[in-house]
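Asks: You'll find structure-v8.txt just under this line, and it carries compact mmCIF, C-alpha atoms.
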```
# COMPACT_ATOMS: atom_id res chain seq x y z
CA MET A 222 121.97 83.88 45.51
CA ALA A 223 124.35 81.60 43.58
CA LYS A 224 124.89 82.69 40.00
CA ARG A 225 124.20 79.92 37.48
CA ILE A 226 124.33 82.12 34.42
CA ILE A 227 127.17 84.45 33.47
CA THR A 228 126.64 87.00 30.72
CA ILE A 229 129.67 88.71 29.26
CA SER A 230 129.42 91.96 27.34
CA ARG A 231 132.70 93.26 25.98
CA GLU A 232 134.53 95.87 24.00
CA PHE A 233 136.07 94.54 20.80
CA GLY A 234 139.68 93.49 21.49
CA SER A 235 139.28 93.43 25.28
CA GLY A 236 139.60 89.63 25.52
CA GLY A 237 136.06 89.29 26.88
CA ARG A 238 135.26 86.29 24.73
CA PHE A 239 138.48 84.51 25.70
CA ILE A 240 137.83 85.23 29.39
CA GLY A 241 134.29 83.90 29.04
CA GLU A 242 135.51 80.70 27.38
CA GLU A 243 138.10 80.09 30.09
CA VAL A 244 135.58 80.68 32.88
CA ALA A 245 133.12 78.25 31.27
CA LYS A 246 135.86 75.62 30.95
CA LYS A 247 136.93 76.02 34.58
CA LEU A 248 133.36 75.94 35.88
CA GLY A 249 132.50 73.02 33.59
CA VAL A 250 129.46 74.78 32.12
CA THR A 251 128.35 75.33 28.53
CA TYR A 252 129.73 78.31 26.67
CA TYR A 253 127.48 80.08 24.16
CA ASP A 254 128.74 82.50 21.58
CA LYS A 255 128.80 81.56 17.89
CA ASP A 256 127.05 78.26 18.73
CA ILE A 257 123.89 80.23 19.41
CA ILE A 258 123.59 81.31 15.77
CA GLY A 259 122.19 78.01 14.50
CA GLN A 260 119.44 78.11 17.10
CA ILE A 261 118.50 81.69 16.30
CA ALA A 262 118.41 80.78 12.60
CA GLU A 263 116.07 77.89 13.33
CA GLN A 264 113.76 80.06 15.48
CA SER A 265 113.57 82.90 12.96
CA GLY A 266 113.62 80.94 9.72
CA LEU A 267 116.50 83.10 8.46
CA SER A 268 119.88 81.83 7.27
CA PRO A 269 122.75 81.35 9.73
CA GLU A 270 124.86 83.71 7.57
CA TYR A 271 122.30 86.46 7.96
CA ILE A 272 122.08 85.93 11.73
CA LYS A 273 125.86 85.95 12.06
CA GLU A 274 126.07 89.39 10.50
CA ASN A 275 122.97 90.91 12.09
CA ALA A 276 121.99 89.44 15.43
CA GLU A 277 124.38 91.42 17.59
CA LEU A 278 125.39 94.32 15.40
CA SER A 279 123.33 97.24 14.21
CA PRO A 280 123.19 98.04 10.49
CA LYS A 281 126.34 99.97 9.51
CA LYS A 282 124.41 103.19 9.25
CA GLY A 283 123.54 103.23 12.93
CA LEU A 284 120.41 103.98 14.90
CA PHE A 285 118.36 105.61 12.16
CA ALA A 286 118.74 102.56 9.97
CA TYR A 287 116.55 100.67 12.45
CA ALA A 288 113.82 103.23 12.13
CA PHE A 289 113.87 103.00 8.36
CA ALA A 290 114.33 99.21 8.11
CA GLY A 291 111.80 97.40 5.90
CA ARG A 292 108.82 96.11 7.87
CA ASP A 293 106.29 93.34 7.35
CA ILE A 294 102.53 93.82 7.65
CA THR A 295 102.70 93.52 11.46
CA GLY A 296 105.19 96.42 11.58
CA LYS A 297 108.16 94.23 12.41
CA SER A 298 111.46 94.70 10.59
CA ILE A 299 113.77 91.75 9.87
CA GLU A 300 115.98 93.13 12.65
CA ASP A 301 113.06 92.85 15.07
CA ILE A 302 112.38 89.26 14.00
CA VAL A 303 116.03 88.31 14.50
CA TYR A 304 116.09 90.02 17.88
CA GLU A 305 112.91 88.30 19.04
CA ALA A 306 114.31 84.90 18.00
CA GLN A 307 117.57 85.67 19.83
CA ARG A 308 115.68 86.69 22.95
CA LYS A 309 113.68 83.45 22.93
CA VAL A 310 116.81 81.30 22.48
CA ILE A 311 118.65 83.06 25.31
CA LEU A 312 115.69 82.76 27.71
CA GLU A 313 115.42 79.06 26.89
CA LEU A 314 119.14 78.37 27.36
CA ALA A 315 119.22 80.19 30.69
CA GLY A 316 116.21 78.23 31.87
CA LYS A 317 117.79 74.93 30.89
CA GLU A 318 121.31 74.86 32.29
CA PRO A 319 124.11 76.86 33.92
CA CYS A 320 126.11 78.57 31.17
CA VAL A 321 128.24 81.48 30.01
CA ILE A 322 126.68 83.63 27.27
CA VAL A 323 128.85 86.16 25.45
CA GLY A 324 127.27 89.22 23.87
CA ARG A 325 123.75 89.45 22.35
CA ASN A 326 122.34 91.76 25.06
CA ALA A 327 121.92 88.72 27.32
CA ASP A 328 122.35 90.91 30.43
CA TYR A 329 119.21 92.82 29.52
CA ILE A 330 117.26 89.83 28.21
CA LEU A 331 117.82 87.98 31.51
CA LYS A 332 117.33 90.97 33.79
CA ASP A 333 114.37 89.48 35.65
CA ARG A 334 116.38 86.48 36.91
CA ASP A 335 118.40 86.83 40.09
CA ASP A 336 120.80 83.97 39.39
CA VAL A 337 122.63 85.90 36.67
CA LEU A 338 126.03 87.58 36.98
CA ASN A 339 126.37 90.32 34.37
CA VAL A 340 129.96 91.15 33.43
CA PHE A 341 131.35 93.89 31.17
CA ILE A 342 134.95 93.55 29.99
CA HIS A 343 136.67 96.64 28.62
CA GLY A 344 140.26 97.67 28.10
CA ASP A 345 142.78 100.31 27.13
CA MET A 346 143.38 101.32 23.53
CA PRO A 347 147.00 100.12 23.08
CA GLU A 348 146.31 96.62 24.45
CA LYS A 349 143.08 96.24 22.50
CA VAL A 350 144.73 97.34 19.25
CA GLN A 351 147.65 94.95 19.79
CA ARG A 352 145.26 92.07 20.42
CA ILE A 353 143.19 92.77 17.30
CA MET A 354 146.35 93.10 15.15
CA GLY A 355 147.47 89.66 16.35
CA LEU A 356 144.08 87.92 16.16
CA TYR A 357 143.09 89.20 12.72
CA ASN A 358 146.57 89.69 11.28
CA VAL A 359 145.95 93.34 10.35
CA GLU A 360 147.92 96.60 10.57
CA GLU A 361 147.34 99.10 13.37
CA LYS A 362 145.21 101.44 11.28
CA GLU A 363 142.89 98.62 10.21
CA ALA A 364 142.66 97.33 13.81
CA VAL A 365 141.59 100.75 15.09
CA LYS A 366 138.96 100.96 12.36
CA MET A 367 137.62 97.45 13.07
CA MET A 368 137.39 98.26 16.77
CA ALA A 369 135.59 101.58 16.36
CA ASP A 370 133.20 100.10 13.80
CA THR A 371 132.31 96.96 15.77
CA ASP A 372 131.86 98.74 19.11
CA LYS A 373 129.71 101.40 17.49
CA ARG A 374 127.43 98.77 15.93
CA ARG A 375 127.22 96.77 19.19
CA MET A 376 126.42 99.92 21.12
CA THR A 377 123.75 101.01 18.66
CA ASN A 378 122.11 97.59 18.76
CA TYR A 379 122.23 97.50 22.57
CA ASN A 380 120.91 101.02 23.06
CA PHE A 381 118.09 100.43 20.57
CA TYR A 382 116.79 97.16 22.01
CA THR A 383 117.45 97.62 25.74
CA GLU A 384 116.66 101.27 26.42
CA GLN A 385 119.86 101.28 28.48
CA ARG A 386 123.23 102.71 27.54
CA TRP A 387 125.93 100.24 26.51
CA GLY A 388 128.99 100.46 28.78
CA MET A 389 127.29 102.13 31.76
CA ALA A 390 128.59 100.49 34.96
CA GLY A 391 125.07 100.35 36.39
CA ASN A 392 123.97 97.72 33.83
CA TYR A 393 126.49 95.16 35.02
CA THR A 394 127.22 93.37 38.29
CA LEU A 395 130.92 93.60 37.51
CA ALA A 396 132.85 95.74 35.04
CA LEU A 397 136.53 94.97 34.62
CA ASN A 398 139.40 96.62 32.74
CA SER A 399 141.26 93.61 31.34
CA SER A 400 144.29 95.68 30.26
CA VAL A 401 144.98 96.77 33.84
CA LEU A 402 143.80 93.66 35.70
CA GLY A 403 145.02 90.98 33.26
CA TYR A 404 142.92 88.11 31.92
CA ASP A 405 143.74 85.75 34.81
CA MET A 406 142.57 88.21 37.44
CA CYS A 407 139.37 88.88 35.47
CA GLN A 408 138.65 85.15 35.42
CA LYS A 409 139.38 84.83 39.13
CA ILE A 410 137.05 87.70 40.06
CA ILE A 411 134.22 86.33 37.91
CA MET A 412 134.60 82.88 39.43
CA ASP A 413 134.71 84.25 42.98
CA CYS A 414 131.49 86.14 42.28
CA THR A 415 129.57 83.12 41.02
CA LYS A 416 129.67 81.72 44.56
CA ILE A 417 127.69 84.51 46.17
CA MET B 252 152.10 97.31 38.53
CA ALA B 253 151.13 97.29 42.23
CA LYS B 254 148.37 99.75 43.07
CA ARG B 255 149.34 102.15 45.89
CA ILE B 256 146.36 104.43 45.49
CA ILE B 257 142.72 103.40 45.43
CA THR B 258 140.11 105.89 44.30
CA ILE B 259 136.47 105.14 45.02
CA SER B 260 133.63 106.80 43.15
CA ARG B 261 130.18 105.81 44.28
CA GLU B 262 126.46 106.21 43.95
CA PHE B 263 124.81 107.71 47.01
CA GLY B 264 123.62 104.90 49.28
CA SER B 265 125.75 102.21 47.63
CA GLY B 266 128.07 101.80 50.63
CA GLY B 267 131.09 102.96 48.63
CA ARG B 268 132.41 105.12 51.45
CA PHE B 269 132.04 102.32 53.99
CA ILE B 270 133.77 99.85 51.64
CA GLY B 271 136.60 102.35 51.10
CA GLU B 272 137.07 102.86 54.85
CA GLU B 273 137.19 99.12 55.49
CA VAL B 274 139.71 98.53 52.70
CA ALA B 275 141.95 101.33 54.02
CA LYS B 276 141.78 99.84 57.52
CA LYS B 277 142.65 96.35 56.29
CA LEU B 278 145.49 97.58 54.09
CA GLY B 279 146.74 99.87 56.85
CA VAL B 280 146.77 102.94 54.60
CA THR B 281 145.34 106.42 55.06
CA TYR B 282 141.72 107.04 54.17
CA TYR B 283 140.76 110.42 52.72
CA ASP B 284 137.22 111.63 52.48
CA LYS B 285 135.98 114.45 54.70
CA ASP B 286 139.53 114.88 56.09
CA ILE B 287 140.53 116.36 52.76
CA ILE B 288 138.28 119.38 53.21
CA GLY B 289 140.59 121.22 55.60
CA GLN B 290 143.45 120.93 53.15
CA ILE B 291 141.38 122.18 50.24
CA ALA B 292 140.22 125.09 52.38
CA GLU B 293 143.82 125.97 53.20
CA GLN B 294 144.89 125.79 49.53
CA SER B 295 141.99 127.86 48.27
CA GLY B 296 141.61 130.36 51.09
CA LEU B 297 137.90 129.51 51.32
CA SER B 298 136.06 128.29 54.42
CA PRO B 299 135.81 124.56 55.19
CA GLU B 300 132.00 124.96 55.26
CA TYR B 301 132.02 126.29 51.72
CA ILE B 302 134.30 123.50 50.52
CA LYS B 303 132.17 120.88 52.21
CA GLU B 304 129.12 121.98 50.27
CA ASN B 305 130.81 122.68 46.94
CA ALA B 306 133.96 120.68 46.26
CA GLU B 307 132.32 117.53 45.01
CA LEU B 308 128.82 118.63 44.14
CA SER B 309 127.64 120.87 41.37
CA PRO B 310 125.43 123.85 42.16
CA LYS B 311 121.85 122.65 42.59
CA LYS B 312 120.84 124.12 39.28
CA GLY B 313 123.09 121.79 37.30
CA LEU B 314 125.50 122.22 34.44
CA PHE B 315 124.42 125.66 33.27
CA ALA B 316 125.03 127.08 36.72
CA TYR B 317 128.74 126.52 36.10
CA ALA B 318 128.64 128.51 32.92
CA PHE B 319 126.94 131.42 34.63
CA ALA B 320 128.90 131.29 37.90
CA GLY B 321 130.49 134.56 38.98
CA ARG B 322 134.05 134.91 37.75
CA ASP B 323 137.12 136.87 38.89
CA ILE B 324 139.24 139.01 36.57
CA THR B 325 141.14 135.94 35.32
CA GLY B 326 137.86 134.35 34.24
CA LYS B 327 137.85 131.79 37.05
CA SER B 328 134.69 131.12 39.03
CA ILE B 329 134.77 130.20 42.72
CA GLU B 330 133.92 126.68 41.60
CA ASP B 331 137.05 126.63 39.43
CA ILE B 332 139.20 127.87 42.32
CA VAL B 333 137.83 125.17 44.63
CA TYR B 334 138.37 122.55 41.96
CA GLU B 335 141.93 123.63 41.29
CA ALA B 336 142.72 123.51 45.02
CA GLN B 337 141.15 120.06 45.28
CA ARG B 338 143.18 118.83 42.31
CA LYS B 339 146.42 120.07 43.89
CA VAL B 340 145.66 118.44 47.24
CA ILE B 341 144.80 115.10 45.64
CA LEU B 342 147.94 115.10 43.46
CA GLU B 343 150.05 115.87 46.54
CA LEU B 344 148.45 113.17 48.70
CA ALA B 345 148.87 110.54 45.98
CA GLY B 346 152.52 111.50 45.58
CA LYS B 347 153.17 111.24 49.30
CA GLU B 348 151.74 107.94 50.49
CA PRO B 349 149.56 104.93 49.66
CA CYS B 350 145.94 105.81 50.40
CA VAL B 351 142.25 105.39 49.66
CA ILE B 352 140.52 108.52 48.32
CA VAL B 353 136.74 108.59 48.14
CA GLY B 354 135.01 110.85 45.62
CA ARG B 355 136.25 114.22 44.35
CA ASN B 356 136.95 113.04 40.79
CA ALA B 357 140.22 111.52 42.04
CA ASP B 358 140.10 108.85 39.31
CA TYR B 359 140.36 111.55 36.65
CA ILE B 360 142.79 113.77 38.55
CA LEU B 361 145.22 110.84 38.93
CA LYS B 362 144.73 109.39 35.47
CA ASP B 363 148.38 109.81 34.44
CA ARG B 364 149.65 107.53 37.24
CA ASP B 365 149.75 103.79 36.67
CA ASP B 366 149.76 102.81 40.35
CA VAL B 367 146.11 103.79 40.82
CA LEU B 368 143.14 101.41 41.05
CA ASN B 369 139.94 103.24 40.12
CA VAL B 370 136.79 101.73 41.60
CA PHE B 371 133.12 102.61 41.05
CA ILE B 372 130.57 101.27 43.53
CA HIS B 373 126.92 101.28 42.53
CA GLY B 374 123.85 99.42 43.67
CA ASP B 375 120.19 98.61 43.23
CA MET B 376 117.44 101.03 44.18
CA PRO B 377 115.78 99.09 47.05
CA GLU B 378 119.07 98.44 48.88
CA LYS B 379 120.32 102.00 48.40
CA VAL B 380 117.06 103.49 49.64
CA GLN B 381 117.05 101.21 52.70
CA ARG B 382 120.61 102.21 53.53
CA ILE B 383 119.91 105.93 53.23
CA MET B 384 116.75 105.63 55.36
CA GLY B 385 118.81 103.97 58.09
CA LEU B 386 121.85 106.24 57.89
CA TYR B 387 119.98 109.54 57.79
CA ASN B 388 116.87 108.47 59.66
CA VAL B 389 114.50 109.59 56.90
CA GLU B 390 111.38 108.21 55.25
CA GLU B 391 111.50 106.44 51.91
CA LYS B 392 110.30 109.42 49.88
CA GLU B 393 112.97 111.68 51.37
CA ALA B 394 115.67 109.01 50.83
CA VAL B 395 114.78 108.72 47.14
CA LYS B 396 114.93 112.50 46.78
CA MET B 397 118.30 112.77 48.58
CA MET B 398 119.72 110.05 46.36
CA ALA B 399 118.51 111.52 43.08
CA ASP B 400 119.66 115.00 44.10
CA THR B 401 123.13 114.00 45.32
CA ASP B 402 123.91 111.71 42.38
CA LYS B 403 122.75 114.34 39.92
CA ARG B 404 125.04 116.96 41.48
CA ARG B 405 128.00 114.56 41.61
CA MET B 406 127.42 113.60 37.99
CA THR B 407 127.17 117.20 36.84
CA ASN B 408 130.37 118.12 38.66
CA TYR B 409 132.20 115.08 37.27
CA ASN B 410 131.03 115.56 33.69
CA PHE B 411 131.89 119.26 33.78
CA TYR B 412 135.43 118.93 35.10
CA THR B 413 136.57 115.63 33.57
CA GLU B 414 135.08 115.63 30.08
CA GLN B 415 134.14 112.02 30.82
CA ARG B 416 130.74 110.62 31.72
CA TRP B 417 130.15 109.68 35.36
CA GLY B 418 129.28 106.01 35.76
CA MET B 419 130.69 104.77 32.43
CA ALA B 420 132.50 101.47 33.09
CA GLY B 421 135.41 102.57 30.90
CA ASN B 422 136.49 105.24 33.43
CA TYR B 423 137.14 102.70 36.16
CA THR B 424 139.41 99.68 36.60
CA LEU B 425 136.64 97.97 38.54
CA ALA B 426 132.93 98.68 38.80
CA LEU B 427 130.97 96.69 41.36
CA ASN B 428 127.28 96.35 42.21
CA SER B 429 127.37 96.24 46.02
CA SER B 430 123.69 95.19 46.31
CA VAL B 431 124.34 91.99 44.38
CA LEU B 432 127.91 91.26 45.48
CA GLY B 433 127.67 92.37 49.10
CA TYR B 434 130.10 94.71 50.86
CA ASP B 435 132.51 91.94 51.93
CA MET B 436 132.94 90.64 48.40
CA CYS B 437 133.49 94.20 47.12
CA GLN B 438 136.26 94.66 49.69
CA LYS B 439 137.82 91.32 48.81
CA ILE B 440 137.88 92.09 45.07
CA ILE B 441 139.42 95.52 45.62
CA MET B 442 142.10 94.09 47.89
CA ASP B 443 142.89 91.26 45.44
CA CYS B 444 143.31 93.84 42.69
CA THR B 445 145.77 96.03 44.60
CA LYS B 446 148.31 93.21 44.31
CA ILE B 447 148.53 93.21 40.53
```
Let me see the structure of the file written as structure tokens.

Replies:
Amino acid sequence: MAKRIITISREFGSGGRFIGEEVAKKLGVTYYDKDIIGQIAEQSGLSPEYIKENAELSPKKGLFAYAFAGRDITGKSIEDIVYEAQRKVILELAGKEPCVIVGRNADYILKDRDDVLNVFIHGDMPEKVQRIMGLYNVEEKEAVKMMADTDKRRMTNYNFYTEQRWGMAGNYTLALNSSVLGYDMCQKIIMDCTKI
Amino acid sequence: MAKRIITISREFGSGGRFIGEEVAKKLGVTYYDKDIIGQIAEQSGLSPEYIKENAELSPKKGLFAYAFAGRDITGKSIEDIVYEAQRKVILELAGKEPCVIVGRNADYILKDRDDVLNVFIHGDMPEKVQRIMGLYNVEEKEAVKMMADTDKRRMTNYNFYTEQRWGMAGNYTLALNSSVLGYDMCQKIIMDCTKI
């Protein structure tokens, strides 16, 4: 079945976001990444700044922080409210139009649709570190720290809300090493696979 | 760098072996799967029957069985001897000629070469079960059991000898869901990626 929706999960520094943007441009479909934040804010009643920091990343302290997060009288933590708003927005977007959605556990949220191509982009350490150094204008040591920290928080968030393990090949239709394959080849493969 | 060697790891029933054979045929390179057993037997001094049962699969009892396996005076178990022979054979084959190698932790064994394309083929339950029922002429219940058993033993063997986790996208250049993409598309992607 033709794939109208492409979700892209990615390691920090792997170029996954860039690849997603390029694919959306070439296919002429909407690209959702940061743009989604305003909609989640509206749904949840929380500020865009709060969503930006929390909707995809776990609290810095990891998995246990979820368990001990403050809860309202229904037993929901703020993290749960943000996640529920995010889930609603992603389901709505996917129902509305063909698009590329980067991050935010969209692969799992859309798992009951069969017109979705789930992609995971990862890469090798040296290339990822170089890319982060260039993008954020930081030294190597800082780049390595940013990478480890961000991926750990993404993984914790994913594992908590999806009951799957972040980075397992089985979660994704396609998983690609962008350091070995190059960004152009990753785009080509994704575009070839939307035609199935 | 052009990829001379293709390693294929696969879930049982995913069609990974078939895809590997087809790619080898189309590229005109040697395909190694069962053919490798004779060479491992020669290297290790053990019987081909023993190798067939043990070189890729863990003992039925899982990871602890390795720890308690009988050992010779150098501390090596028969499993270690088989594995060492397998490693030698795979390194030699990869040094000699372009080829496709299915299974046997070849992705890890060849990890220091940069002319290797590591592929993981997985699939969805219903398609895998159907395929196994057809190939082995068994009922659904038996197919599910064969699949769970074989994948568990492959995983245990892989995790024990590689210090990586079987099925993690990061281990492979490409990971493909053959149920969604279809066998032809999997072959096409692999062949496109050998040209990098």

Asks: Residues of chain A within 6 Å of chain B, counting all atoms listed in the file - could you list those as a list in words?

Replies: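 So the residues of chain A near chain B are Gly388, Met389, Ala390, Thr394, Leu395, Ala396, Leu397 and Asn398 of chain A.
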
Asks: As a PDB file with C-alpha atoms, in the coordinates of the input, please: the residues near B:Met384 (cut-off 12 Å, all atoms listed in the file, same-chain neighbours under 4 positions excluded).

Replies:
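Output file part12.pdb is given in full below:
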```pdb
ATOM      1  CA  PHE B 263     124.810 107.710  47.010  1.00  0.00           C
ATOM      2  CA  GLY B 264     123.620 104.900  49.280  1.00  0.00           C
ATOM      3  CA  PRO B 377     115.780  99.090  47.050  1.00  0.00           C
ATOM      4  CA  GLU B 378     119.070  98.440  48.880  1.00  0.00           C
ATOM      5  CA  LYS B 379     120.320 102.000  48.400  1.00  0.00           C
ATOM      6  CA  VAL B 380     117.060 103.490  49.640  1.00  0.00           C
ATOM      7  CA  ASN B 388     116.870 108.470  59.660  1.00  0.00           C
ATOM      8  CA  VAL B 389     114.500 109.590  56.900  1.00  0.00           C
ATOM      9  CA  GLU B 390     111.380 108.210  55.250  1.00  0.00           C
ATOM     10  CA  GLU B 391     111.500 106.440  51.910  1.00  0.00           C
ATOM     11  CA  LYS B 392     110.300 109.420  49.880  1.00  0.00           C
ATOM     12  CA  GLU B 393     112.970 111.680  51.370  1.00  0.00           C
ATOM     13  CA  ALA B 394     115.670 109.010  50.830  1.00  0.00           C
ATOM     14  CA  VAL B 395     114.780 108.720  47.140  1.00  0.00           C
ATOM     15  CA  LYS B 396     114.930 112.500  46.780  1.00  0.00           C
ATOM     16  CA  MET B 397     118.300 112.770  48.580  1.00  0.00           C
ATOM     17  CA  MET B 398     119.720 110.050  46.360  1.00  0.00           C
TER      18      MET B 398
END
```

Asks: Atom CA of A:Ile226 to atom CA of A:Val310: how many Å, to one decimal?

Replies: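 Answer for the atom CA of A:Ile226 to atom CA of A:Val310 separation: 14.1 Å.
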
Asks: Near A:Arg308, counting all atoms listed in the file, which residues have an atom at most 10 Å away, once you skip same-chain residues fewer than 5 positions from it, shown as a PyMOL selection string?

Replies: chain A and resi 261+302-303+313+325-327+329-331

Asks: Take atom CA of A:Glu243 and atom CA of A:Gln408 and report the distance between them in Å, one decimal.

Replies: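 Separation between atom CA of A:Glu243 and atom CA of A:Gln408: 7.4 Å.
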
Asks: Show which residues sit within 10 Å of stretch 278-282 of chain B, as a VMD selection string. Count all atoms listed in the file, and ignore same-chain residues fewer than 3 positions away.

Replies: chain B and resid 255 to 257 268 271 to 275 285 to 287 344 348 to 353 442 445
